[in-house]
$ cat query-v5.pdb   # PDB, C-alpha atoms, pLDDT in the B column
ATOM      1  CA  MET A   1    -151.675  37.341  76.253  1.00 70.00           C
ATOM      2  CA  ASN A   2    -151.104  37.095  80.003  1.00 82.00           C
ATOM      3  CA  GLU A   3    -152.797  40.474  80.458  1.00 95.00           C
ATOM      4  CA  HIS A   4    -155.443  40.518  83.187  1.00 96.00           C
ATOM      5  CA  LEU A   5    -158.873  41.561  81.958  1.00 98.00           C
ATOM      6  CA  SER A   6    -160.215  41.544  85.512  1.00 98.00           C
ATOM      7  CA  GLU A   7    -159.040  40.314  88.897  1.00 96.00           C
ATOM      8  CA  HIS A   8    -159.342  36.609  88.040  1.00 97.00           C
ATOM      9  CA  PHE A   9    -159.531  36.394  84.229  1.00 98.00           C
ATOM     10  CA  THR A  10    -156.731  36.759  81.692  1.00 98.00           C
ATOM     11  CA  LEU A  11    -156.757  37.426  77.986  1.00 98.00           C
ATOM     12  CA  ARG A  12    -155.079  34.054  77.433  1.00 98.00           C
ATOM     13  CA  GLU A  13    -157.908  32.257  79.272  1.00 97.00           C
ATOM     14  CA  MET A  14    -160.557  34.063  77.241  1.00 98.00           C
ATOM     15  CA  CYS A  15    -158.848  33.231  73.915  1.00 98.00           C
ATOM     16  CA  GLN A  16    -157.518  29.715  74.479  1.00 97.00           C
ATOM     17  CA  SER A  17    -158.795  27.079  72.091  1.00 97.00           C
ATOM     18  CA  GLY A  18    -157.695  23.523  71.501  1.00 95.00           C
ATOM     19  CA  THR A  19    -159.257  23.678  68.047  1.00 96.00           C
ATOM     20  CA  ALA A  20    -157.248  26.805  67.159  1.00 97.00           C
ATOM     21  CA  ILE A  21    -154.041  25.090  68.279  1.00 97.00           C
ATOM     22  CA  ARG A  22    -154.788  21.852  66.403  1.00 97.00           C
ATOM     23  CA  LYS A  23    -155.743  23.653  63.193  1.00 98.00           C
ATOM     24  CA  GLY A  24    -153.137  26.440  63.391  1.00 98.00           C
ATOM     25  CA  ILE A  25    -155.778  29.188  63.563  1.00 98.00           C
ATOM     26  CA  ASN A  26    -154.737  32.633  64.811  1.00 98.00           C
ATOM     27  CA  ASN A  27    -157.159  33.512  67.613  1.00 98.00           C
ATOM     28  CA  THR A  28    -155.715  36.890  68.662  1.00 98.00           C
ATOM     29  CA  PRO A  29    -158.304  39.660  69.127  1.00 98.00           C
ATOM     30  CA  ASP A  30    -157.861  43.327  68.208  1.00 98.00           C
ATOM     31  CA  TRP A  31    -157.873  45.986  70.949  1.00 98.00           C
ATOM     32  CA  LYS A  32    -161.607  46.781  70.593  1.00 98.00           C
ATOM     33  CA  THR A  33    -162.434  43.116  71.086  1.00 98.00           C
ATOM     34  CA  VAL A  34    -160.107  42.972  74.107  1.00 98.00           C
ATOM     35  CA  GLU A  35    -162.073  45.844  75.661  1.00 98.00           C
ATOM     36  CA  ARG A  36    -165.356  43.981  75.091  1.00 98.00           C
ATOM     37  CA  LEU A  37    -163.831  40.857  76.690  1.00 99.00           C
ATOM     38  CA  ARG A  38    -162.797  43.018  79.639  1.00 99.00           C
ATOM     39  CA  ALA A  39    -166.368  44.317  80.025  1.00 98.00           C
ATOM     40  CA  LEU A  40    -167.729  40.745  79.939  1.00 99.00           C
ATOM     41  CA  CYS A  41    -165.253  39.652  82.608  1.00 99.00           C
ATOM     42  CA  VAL A  42    -165.859  42.632  84.909  1.00 98.00           C
ATOM     43  CA  ASN A  43    -169.651  42.758  84.608  1.00 98.00           C
ATOM     44  CA  VAL A  44    -170.630  39.074  84.440  1.00 98.00           C
ATOM     45  CA  LEU A  45    -167.805  36.614  85.041  1.00 99.00           C
ATOM     46  CA  GLU A  46    -166.244  38.264  88.113  1.00 98.00           C
ATOM     47  CA  PRO A  47    -169.555  38.448  90.025  1.00 98.00           C
ATOM     48  CA  LEU A  48    -170.147  34.782  89.137  1.00 98.00           C
ATOM     49  CA  ARG A  49    -166.663  33.826  90.342  1.00 98.00           C
ATOM     50  CA  ARG A  50    -167.113  35.719  93.621  1.00 97.00           C
ATOM     51  CA  ARG A  51    -170.282  33.709  94.255  1.00 98.00           C
ATOM     52  CA  PHE A  52    -169.204  30.236  93.037  1.00 97.00           C
ATOM     53  CA  GLY A  53    -165.414  30.225  93.216  1.00 96.00           C
ATOM     54  CA  VAL A  54    -163.244  29.165  90.296  1.00 95.00           C
ATOM     55  CA  ILE A  55    -165.145  28.792  87.040  1.00 96.00           C
ATOM     56  CA  ARG A  56    -163.850  27.328  83.779  1.00 97.00           C
ATOM     57  CA  ILE A  57    -164.399  29.096  80.482  1.00 98.00           C
ATOM     58  CA  THR A  58    -164.732  26.542  77.692  1.00 96.00           C
ATOM     59  CA  SER A  59    -165.101  29.106  74.900  1.00 97.00           C
ATOM     60  CA  GLY A  60    -164.508  32.847  74.951  1.00 98.00           C
ATOM     61  CA  TYR A  61    -163.278  34.895  72.008  1.00 99.00           C
ATOM     62  CA  ARG A  62    -163.352  33.207  68.597  1.00 98.00           C
ATOM     63  CA  SER A  63    -161.810  34.614  65.441  1.00 98.00           C
ATOM     64  CA  GLU A  64    -164.001  34.231  62.367  1.00 98.00           C
ATOM     65  CA  ALA A  65    -161.881  31.284  61.194  1.00 98.00           C
ATOM     66  CA  LEU A  66    -162.160  29.573  64.579  1.00 98.00           C
ATOM     67  CA  ASN A  67    -165.899  30.203  64.741  1.00 98.00           C
ATOM     68  CA  ILE A  68    -166.302  28.481  61.370  1.00 98.00           C
ATOM     69  CA  ALA A  69    -164.055  25.602  62.478  1.00 98.00           C
ATOM     70  CA  VAL A  70    -166.159  24.925  65.591  1.00 96.00           C
ATOM     71  CA  GLY A  71    -169.487  25.319  63.771  1.00 94.00           C
ATOM     72  CA  GLY A  72    -170.469  28.513  65.603  1.00 94.00           C
ATOM     73  CA  ALA A  73    -173.397  30.720  64.625  1.00 94.00           C
ATOM     74  CA  PRO A  74    -172.548  33.060  61.714  1.00 95.00           C
ATOM     75  CA  HIS A  75    -173.080  36.195  63.837  1.00 96.00           C
ATOM     76  CA  SER A  76    -171.866  34.758  67.143  1.00 97.00           C
ATOM     77  CA  GLN A  77    -171.104  37.252  69.896  1.00 98.00           C
ATOM     78  CA  HIS A  78    -168.014  35.141  70.610  1.00 99.00           C
ATOM     79  CA  MET A  79    -166.442  36.770  67.512  1.00 98.00           C
ATOM     80  CA  ARG A  80    -166.949  40.238  69.028  1.00 98.00           C
ATOM     81  CA  GLY A  81    -165.575  39.263  72.435  1.00 99.00           C
ATOM     82  CA  GLU A  82    -168.997  39.606  74.026  1.00 99.00           C
ATOM     83  CA  ALA A  83    -169.711  35.964  74.926  1.00 99.00           C
ATOM     84  CA  ALA A  84    -168.358  33.086  76.972  1.00 99.00           C
ATOM     85  CA  ASP A  85    -169.357  29.478  77.504  1.00 98.00           C
ATOM     86  CA  ILE A  86    -168.988  28.264  81.086  1.00 98.00           C
ATOM     87  CA  HIS A  87    -168.447  24.670  82.185  1.00 97.00           C
ATOM     88  CA  VAL A  88    -171.000  23.388  84.694  1.00 96.00           C
ATOM     89  CA  SER A  89    -170.124  20.433  86.896  1.00 93.00           C
ATOM     90  CA  SER A  90    -173.737  19.309  87.393  1.00 92.00           C
ATOM     91  CA  MET A  91    -177.278  20.293  86.454  1.00 92.00           C
ATOM     92  CA  GLU A  92    -177.860  21.545  90.003  1.00 95.00           C
ATOM     93  CA  VAL A  93    -174.796  23.802  89.980  1.00 95.00           C
ATOM     94  CA  GLY A  94    -175.636  24.914  86.440  1.00 95.00           C
ATOM     95  CA  ARG A  95    -179.149  25.944  87.461  1.00 96.00           C
ATOM     96  CA  LYS A  96    -177.781  27.924  90.420  1.00 97.00           C
ATOM     97  CA  MET A  97    -175.214  29.674  88.220  1.00 98.00           C
ATOM     98  CA  TYR A  98    -177.861  30.431  85.586  1.00 98.00           C
ATOM     99  CA  GLU A  99    -180.184  31.967  88.194  1.00 98.00           C
ATOM    100  CA  PHE A 100    -177.362  33.978  89.757  1.00 98.00           C
ATOM    101  CA  ILE A 101    -176.422  35.503  86.403  1.00 98.00           C
ATOM    102  CA  ARG A 102    -180.084  36.141  85.535  1.00 98.00           C
ATOM    103  CA  LEU A 103    -180.850  37.910  88.802  1.00 98.00           C
ATOM    104  CA  ASN A 104    -177.574  39.717  89.498  1.00 98.00           C
ATOM    105  CA  THR A 105    -175.950  40.863  86.246  1.00 97.00           C
ATOM    106  CA  GLN A 106    -176.764  43.007  83.223  1.00 95.00           C
ATOM    107  CA  PHE A 107    -176.289  40.269  80.626  1.00 97.00           C
ATOM    108  CA  ASP A 108    -177.437  40.467  77.028  1.00 98.00           C
ATOM    109  CA  GLN A 109    -178.130  36.775  76.395  1.00 97.00           C
ATOM    110  CA  LEU A 110    -178.148  33.833  78.820  1.00 98.00           C
ATOM    111  CA  LEU A 111    -178.633  30.253  77.640  1.00 96.00           C
ATOM    112  CA  PHE A 112    -178.504  27.058  79.687  1.00 95.00           C
ATOM    113  CA  GLU A 113    -177.390  24.892  76.766  1.00 92.00           C
ATOM    114  CA  HIS A 114    -177.761  21.149  76.379  1.00 90.00           C
ATOM    115  CA  SER A 115    -176.140  19.274  73.485  1.00 85.00           C
ATOM    116  CA  THR A 116    -178.378  16.645  71.933  1.00 84.00           C
ATOM    117  CA  LYS A 117    -175.312  14.967  70.375  1.00 84.00           C
ATOM    118  CA  SER A 118    -172.867  14.764  73.283  1.00 84.00           C
ATOM    119  CA  GLY A 119    -175.139  15.215  76.284  1.00 84.00           C
ATOM    120  CA  ALA A 120    -172.904  18.064  77.492  1.00 88.00           C
ATOM    121  CA  THR A 121    -174.359  20.999  79.396  1.00 93.00           C
ATOM    122  CA  TRP A 122    -172.946  24.519  79.700  1.00 95.00           C
ATOM    123  CA  ILE A 123    -173.957  28.134  80.196  1.00 97.00           C
ATOM    124  CA  HIS A 124    -173.599  30.618  77.361  1.00 97.00           C
ATOM    125  CA  VAL A 125    -173.641  34.242  78.492  1.00 99.00           C
ATOM    126  CA  SER A 126    -173.072  37.457  76.601  1.00 98.00           C
ATOM    127  CA  TYR A 127    -172.604  41.047  77.673  1.00 98.00           C
ATOM    128  CA  SER A 128    -172.832  44.087  75.438  1.00 97.00           C
ATOM    129  CA  GLU A 129    -172.357  47.689  76.474  1.00 92.00           C
ATOM    130  CA  LEU A 130    -174.790  48.676  73.701  1.00 90.00           C
ATOM    131  CA  PHE A 131    -177.544  46.129  74.366  1.00 84.00           C
ATOM    132  CA  ALA A 132    -178.917  44.418  77.437  1.00 89.00           C
ATOM    133  CA  ARG A 133    -181.778  42.392  75.998  1.00 93.00           C
ATOM    134  CA  LYS A 134    -181.874  40.214  79.117  1.00 95.00           C
ATOM    135  CA  GLN A 135    -182.803  37.270  76.882  1.00 96.00           C
ATOM    136  CA  ALA A 136    -182.788  34.253  79.206  1.00 96.00           C
ATOM    137  CA  ILE A 137    -183.569  30.728  78.001  1.00 93.00           C
ATOM    138  CA  PRO A 138    -183.408  28.098  80.766  1.00 89.00           C
ATOM    139  CA  TYR A 139    -183.323  25.104  78.418  1.00 83.00           C
ATOM    140  CA  TYR A 140    -181.697  25.632  75.030  1.00 81.00           C
ATOM    141  CA  LYS A 141    -181.008  22.672  72.742  1.00 81.00           C
ATOM    142  CA  ALA A 142    -177.618  23.021  71.073  1.00 77.00           C
ATOM    143  CA  ALA A 143    -176.494  20.948  68.111  1.00 64.00           C
TER     144      ALA A 143
END

$ encode --input "query-v5.pdb" --output "structure tokens"
Amino acid sequence: MNEHLSEHFTLREMCQSGTAIRKGINNTPDWKTVERLRALCVNVLEPLRRRFGVIRITSGYRSEALNIAVGGAPHSQHMRGEAADIHVSSMEVGRKMYEFIRLNTQFDQLLFEHSTKSGATWIHVSYSELFARKQAIPYYKAA
């Protein structure tokens, strides 16, 4: 799991989950999913890191069991290794990161998410080698 997917991102980082550890859920992807995680890292996360420095992934790959445990969408791209949620330290930094991804990468989906329950804010971004819908939503209310 220490395998590098790109210069700065490892498989362990893209699969780590406190919920999986607490609940004893296996969150190990198959090789096809690892390749999709690699594409996400190379095409979206590395350019973002080069521009903003160290970034923290709060959710990357999710097995089906983990996705259910965290209340994820039934067809979440996280389960295919195509999506990551990125911690933002402030609204200002989050807006800059959102705009950088929107203008400089070939993403599939980009959401600047805001939780109505916790007040947390993060960026959800997905990358697919098959689709590049370029769906960008600058204010997305999450549960």

$ closest_residue --input "query-v5.pdb" --among "A:Leu40, A:Met1, A:Val34, A:Cys15" --to "A:Thr105" --atoms "only C-alpha atoms"
A:Leu40

$ residues_around --input "query-v5.pdb" --residues "A:Leu110" --least-positions-apart "5" --cutoff "6 Å" --atoms "all atoms listed in the file" --output "number ranges by chain"
A: 124-125, 136

$ closest_residue --input "query-v5.pdb" --among "A:Glu64, A:Asn104, A:Thr58, A:His75" --to "A:Ala120" --atoms "only C-alpha atoms"
A:Thr58

$ closest_residue --input "query-v5.pdb" --among "A:Leu66, A:Arg38, A:Glu99, A:Thr33" --to "A:Glu3" --atoms "all atoms listed in the file"
A:Arg38

$ atom_distance --input "query-v5.pdb" --atom1 "atom CA of A:His8" --atom2 "atom CA of A:Phe131"
24.7 Å

$ resolve_selection --input "query-v5.pdb" --expression "the PyMOL selection byres ((chain A and resi 97) around 12)" --output "ChimeraX atom specification"
/A:44-45,47-53,55,86-96,98-105,110-112,122-125,138

$ resolve_selection --input "query-v5.pdb" --expression "the PyMOL selection byres ((chain A and resi 60) around 12)" --output "PDB file with C-alpha atoms, in the coordinates of the input"
ATOM      1  CA  PHE A   9    -159.531  36.394  84.229  1.00 98.00           C
ATOM      2  CA  THR A  10    -156.731  36.759  81.692  1.00 98.00           C
ATOM      3  CA  LEU A  11    -156.757  37.426  77.986  1.00 98.00           C
ATOM      4  CA  ARG A  12    -155.079  34.054  77.433  1.00 98.00           C
ATOM      5  CA  GLU A  13    -157.908  32.257  79.272  1.00 97.00           C
ATOM      6  CA  MET A  14    -160.557  34.063  77.241  1.00 98.00           C
ATOM      7  CA  CYS A  15    -158.848  33.231  73.915  1.00 98.00           C
ATOM      8  CA  GLN A  16    -157.518  29.715  74.479  1.00 97.00           C
ATOM      9  CA  SER A  17    -158.795  27.079  72.091  1.00 97.00           C
ATOM     10  CA  ASN A  27    -157.159  33.512  67.613  1.00 98.00           C
ATOM     11  CA  THR A  28    -155.715  36.890  68.662  1.00 98.00           C
ATOM     12  CA  PRO A  29    -158.304  39.660  69.127  1.00 98.00           C
ATOM     13  CA  THR A  33    -162.434  43.116  71.086  1.00 98.00           C
ATOM     14  CA  VAL A  34    -160.107  42.972  74.107  1.00 98.00           C
ATOM     15  CA  ARG A  36    -165.356  43.981  75.091  1.00 98.00           C
ATOM     16  CA  LEU A  37    -163.831  40.857  76.690  1.00 99.00           C
ATOM     17  CA  ARG A  38    -162.797  43.018  79.639  1.00 99.00           C
ATOM     18  CA  LEU A  40    -167.729  40.745  79.939  1.00 99.00           C
ATOM     19  CA  CYS A  41    -165.253  39.652  82.608  1.00 99.00           C
ATOM     20  CA  LEU A  45    -167.805  36.614  85.041  1.00 99.00           C
ATOM     21  CA  ARG A  56    -163.850  27.328  83.779  1.00 97.00           C
ATOM     22  CA  ILE A  57    -164.399  29.096  80.482  1.00 98.00           C
ATOM     23  CA  THR A  58    -164.732  26.542  77.692  1.00 96.00           C
ATOM     24  CA  SER A  59    -165.101  29.106  74.900  1.00 97.00           C
ATOM     25  CA  TYR A  61    -163.278  34.895  72.008  1.00 99.00           C
ATOM     26  CA  ARG A  62    -163.352  33.207  68.597  1.00 98.00           C
ATOM     27  CA  SER A  63    -161.810  34.614  65.441  1.00 98.00           C
ATOM     28  CA  LEU A  66    -162.160  29.573  64.579  1.00 98.00           C
ATOM     29  CA  ASN A  67    -165.899  30.203  64.741  1.00 98.00           C
ATOM     30  CA  GLY A  72    -170.469  28.513  65.603  1.00 94.00           C
ATOM     31  CA  SER A  76    -171.866  34.758  67.143  1.00 97.00           C
ATOM     32  CA  GLN A  77    -171.104  37.252  69.896  1.00 98.00           C
ATOM     33  CA  HIS A  78    -168.014  35.141  70.610  1.00 99.00           C
ATOM     34  CA  MET A  79    -166.442  36.770  67.512  1.00 98.00           C
ATOM     35  CA  ARG A  80    -166.949  40.238  69.028  1.00 98.00           C
ATOM     36  CA  GLY A  81    -165.575  39.263  72.435  1.00 99.00           C
ATOM     37  CA  GLU A  82    -168.997  39.606  74.026  1.00 99.00           C
ATOM     38  CA  ALA A  83    -169.711  35.964  74.926  1.00 99.00           C
ATOM     39  CA  ALA A  84    -168.358  33.086  76.972  1.00 99.00           C
ATOM     40  CA  ASP A  85    -169.357  29.478  77.504  1.00 98.00           C
ATOM     41  CA  ILE A  86    -168.988  28.264  81.086  1.00 98.00           C
ATOM     42  CA  HIS A  87    -168.447  24.670  82.185  1.00 97.00           C
ATOM     43  CA  ILE A 123    -173.957  28.134  80.196  1.00 97.00           C
ATOM     44  CA  HIS A 124    -173.599  30.618  77.361  1.00 97.00           C
ATOM     45  CA  VAL A 125    -173.641  34.242  78.492  1.00 99.00           C
ATOM     46  CA  SER A 126    -173.072  37.457  76.601  1.00 98.00           C
ATOM     47  CA  TYR A 127    -172.604  41.047  77.673  1.00 98.00           C
TER      48      TYR A 127
END

$ atom_distance --input "query-v5.pdb" --atom1 "atom CA of A:Glu35" --atom2 "atom CA of A:Phe107"
16.1 Å

$ residues_around --input "query-v5.pdb" --residues "A:Ser115" --least-positions-apart "4" --cutoff "8 Å" --atoms "only C-alpha atoms" --output "list in words"
Gly119, Ala120, Thr121, Lys141, Ala142 and Ala143 of chain A

$ write_last_selection --input "query-v5.pdb" --atoms "C-alpha atoms" --output "PDB file, in the frame of the given file"
ATOM      1  CA  GLY A 119    -175.139  15.215  76.284  1.00 84.00           C
ATOM      2  CA  ALA A 120    -172.904  18.064  77.492  1.00 88.00           C
ATOM      3  CA  THR A 121    -174.359  20.999  79.396  1.00 93.00           C
ATOM      4  CA  LYS A 141    -181.008  22.672  72.742  1.00 81.00           C
ATOM      5  CA  ALA A 142    -177.618  23.021  71.073  1.00 77.00           C
ATOM      6  CA  ALA A 143    -176.494  20.948  68.111  1.00 64.00           C
TER       7      ALA A 143
END

$ closest_residue --input "query-v5.pdb" --among "A:Ala132, A:His4, A:Ile137, A:Ala65" --to "A:Ile25" --atoms "all atoms listed in the file"
A:Ala65

$ closest_residue --input "query-v5.pdb" --among "A:Ala69, A:Ser6, A:Pro74, A:Ser118" --to "A:Gly24" --atoms "all atoms listed in the file"
A:Ala69

$ atom_distance --input "query-v5.pdb" --atom1 "atom CA of A:Tyr140" --atom2 "atom CA of A:Gln109"
11.8 Å

$ build_atoms --input "query-v5.pdb" --residues "stretch 29-55 of chain A" --atoms "N, CA and C atoms" --output "PDB file, in the coordinates of the input"
ATOM      1  N   PRO A  29    -157.338  38.587  69.368  1.00 98.00           N
ATOM      2  CA  PRO A  29    -158.304  39.660  69.127  1.00 98.00           C
ATOM      3  C   PRO A  29    -157.632  41.022  68.954  1.00 98.00           C
ATOM      4  N   ASP A  30    -158.344  41.948  68.294  1.00 98.00           N
ATOM      5  CA  ASP A  30    -157.861  43.327  68.208  1.00 98.00           C
ATOM      6  C   ASP A  30    -158.201  44.049  69.515  1.00 98.00           C
ATOM      7  N   TRP A  31    -157.728  45.281  69.665  1.00 98.00           N
ATOM      8  CA  TRP A  31    -157.873  45.986  70.949  1.00 98.00           C
ATOM      9  C   TRP A  31    -159.336  46.268  71.298  1.00 98.00           C
ATOM     10  N   LYS A  32    -160.185  46.534  70.303  1.00 98.00           N
ATOM     11  CA  LYS A  32    -161.607  46.781  70.593  1.00 98.00           C
ATOM     12  C   LYS A  32    -162.261  45.516  71.160  1.00 98.00           C
ATOM     13  N   THR A  33    -161.899  44.391  70.605  1.00 98.00           N
ATOM     14  CA  THR A  33    -162.434  43.116  71.086  1.00 98.00           C
ATOM     15  C   THR A  33    -161.924  42.820  72.487  1.00 98.00           C
ATOM     16  N   VAL A  34    -160.663  43.154  72.758  1.00 98.00           N
ATOM     17  CA  VAL A  34    -160.107  42.972  74.107  1.00 98.00           C
ATOM     18  C   VAL A  34    -160.910  43.794  75.112  1.00 98.00           C
ATOM     19  N   GLU A  35    -161.283  45.005  74.752  1.00 98.00           N
ATOM     20  CA  GLU A  35    -162.073  45.844  75.661  1.00 98.00           C
ATOM     21  C   GLU A  35    -163.459  45.247  75.905  1.00 98.00           C
ATOM     22  N   ARG A  36    -164.053  44.640  74.895  1.00 98.00           N
ATOM     23  CA  ARG A  36    -165.356  43.981  75.091  1.00 98.00           C
ATOM     24  C   ARG A  36    -165.206  42.743  75.974  1.00 98.00           C
ATOM     25  N   LEU A  37    -164.108  42.001  75.801  1.00 99.00           N
ATOM     26  CA  LEU A  37    -163.831  40.857  76.690  1.00 99.00           C
ATOM     27  C   LEU A  37    -163.675  41.334  78.129  1.00 99.00           C
ATOM     28  N   ARG A  38    -162.986  42.460  78.296  1.00 99.00           N
ATOM     29  CA  ARG A  38    -162.797  43.018  79.639  1.00 99.00           C
ATOM     30  C   ARG A  38    -164.149  43.344  80.275  1.00 99.00           C
ATOM     31  N   ALA A  39    -165.038  43.965  79.507  1.00 98.00           N
ATOM     32  CA  ALA A  39    -166.368  44.317  80.025  1.00 98.00           C
ATOM     33  C   ALA A  39    -167.151  43.065  80.417  1.00 98.00           C
ATOM     34  N   LEU A  40    -167.073  42.017  79.617  1.00 99.00           N
ATOM     35  CA  LEU A  40    -167.729  40.745  79.939  1.00 99.00           C
ATOM     36  C   LEU A  40    -167.189  40.184  81.249  1.00 99.00           C
ATOM     37  N   CYS A  41    -165.875  40.193  81.391  1.00 99.00           N
ATOM     38  CA  CYS A  41    -165.253  39.652  82.608  1.00 99.00           C
ATOM     39  C   CYS A  41    -165.661  40.449  83.839  1.00 99.00           C
ATOM     40  N   VAL A  42    -165.571  41.770  83.757  1.00 98.00           N
ATOM     41  CA  VAL A  42    -165.859  42.632  84.909  1.00 98.00           C
ATOM     42  C   VAL A  42    -167.334  42.568  85.299  1.00 98.00           C
ATOM     43  N   ASN A  43    -168.221  42.613  84.321  1.00 98.00           N
ATOM     44  CA  ASN A  43    -169.651  42.758  84.608  1.00 98.00           C
ATOM     45  C   ASN A  43    -170.424  41.461  84.808  1.00 98.00           C
ATOM     46  N   VAL A  44    -169.903  40.343  84.308  1.00 98.00           N
ATOM     47  CA  VAL A  44    -170.630  39.074  84.440  1.00 98.00           C
ATOM     48  C   VAL A  44    -169.782  37.988  85.095  1.00 98.00           C
ATOM     49  N   LEU A  45    -168.594  37.757  84.566  1.00 99.00           N
ATOM     50  CA  LEU A  45    -167.805  36.614  85.041  1.00 99.00           C
ATOM     51  C   LEU A  45    -167.231  36.817  86.438  1.00 99.00           C
ATOM     52  N   GLU A  46    -166.773  38.022  86.759  1.00 98.00           N
ATOM     53  CA  GLU A  46    -166.244  38.264  88.113  1.00 98.00           C
ATOM     54  C   GLU A  46    -167.321  38.100  89.189  1.00 98.00           C
ATOM     55  N   PRO A  47    -168.514  38.687  89.014  1.00 98.00           N
ATOM     56  CA  PRO A  47    -169.555  38.448  90.025  1.00 98.00           C
ATOM     57  C   PRO A  47    -169.868  36.958  90.189  1.00 98.00           C
ATOM     58  N   LEU A  48    -169.886  36.221  89.076  1.00 98.00           N
ATOM     59  CA  LEU A  48    -170.147  34.782  89.137  1.00 98.00           C
ATOM     60  C   LEU A  48    -169.036  34.072  89.904  1.00 98.00           C
ATOM     61  N   ARG A  49    -167.792  34.454  89.658  1.00 98.00           N
ATOM     62  CA  ARG A  49    -166.663  33.826  90.342  1.00 98.00           C
ATOM     63  C   ARG A  49    -166.695  34.131  91.840  1.00 98.00           C
ATOM     64  N   ARG A  50    -167.037  35.371  92.185  1.00 97.00           N
ATOM     65  CA  ARG A  50    -167.113  35.719  93.621  1.00 97.00           C
ATOM     66  C   ARG A  50    -168.150  34.856  94.330  1.00 97.00           C
ATOM     67  N   ARG A  51    -169.217  34.506  93.643  1.00 98.00           N
ATOM     68  CA  ARG A  51    -170.282  33.709  94.255  1.00 98.00           C
ATOM     69  C   ARG A  51    -169.973  32.213  94.259  1.00 98.00           C
ATOM     70  N   PHE A  52    -169.366  31.690  93.189  1.00 97.00           N
ATOM     71  CA  PHE A  52    -169.204  30.236  93.037  1.00 97.00           C
ATOM     72  C   PHE A  52    -167.765  29.746  93.099  1.00 97.00           C
ATOM     73  N   GLY A  53    -166.812  30.645  93.229  1.00 96.00           N
ATOM     74  CA  GLY A  53    -165.414  30.225  93.216  1.00 96.00           C
ATOM     75  C   GLY A  53    -164.924  30.068  91.787  1.00 96.00           C
ATOM     76  N   VAL A  54    -163.870  29.319  91.610  1.00 95.00           N
ATOM     77  CA  VAL A  54    -163.244  29.165  90.296  1.00 95.00           C
ATOM     78  C   VAL A  54    -164.250  28.624  89.283  1.00 95.00           C
ATOM     79  N   ILE A  55    -164.305  29.273  88.137  1.00 96.00           N
ATOM     80  CA  ILE A  55    -165.145  28.792  87.040  1.00 96.00           C
ATOM     81  C   ILE A  55    -164.251  28.582  85.817  1.00 96.00           C
TER      82      ILE A  55
END
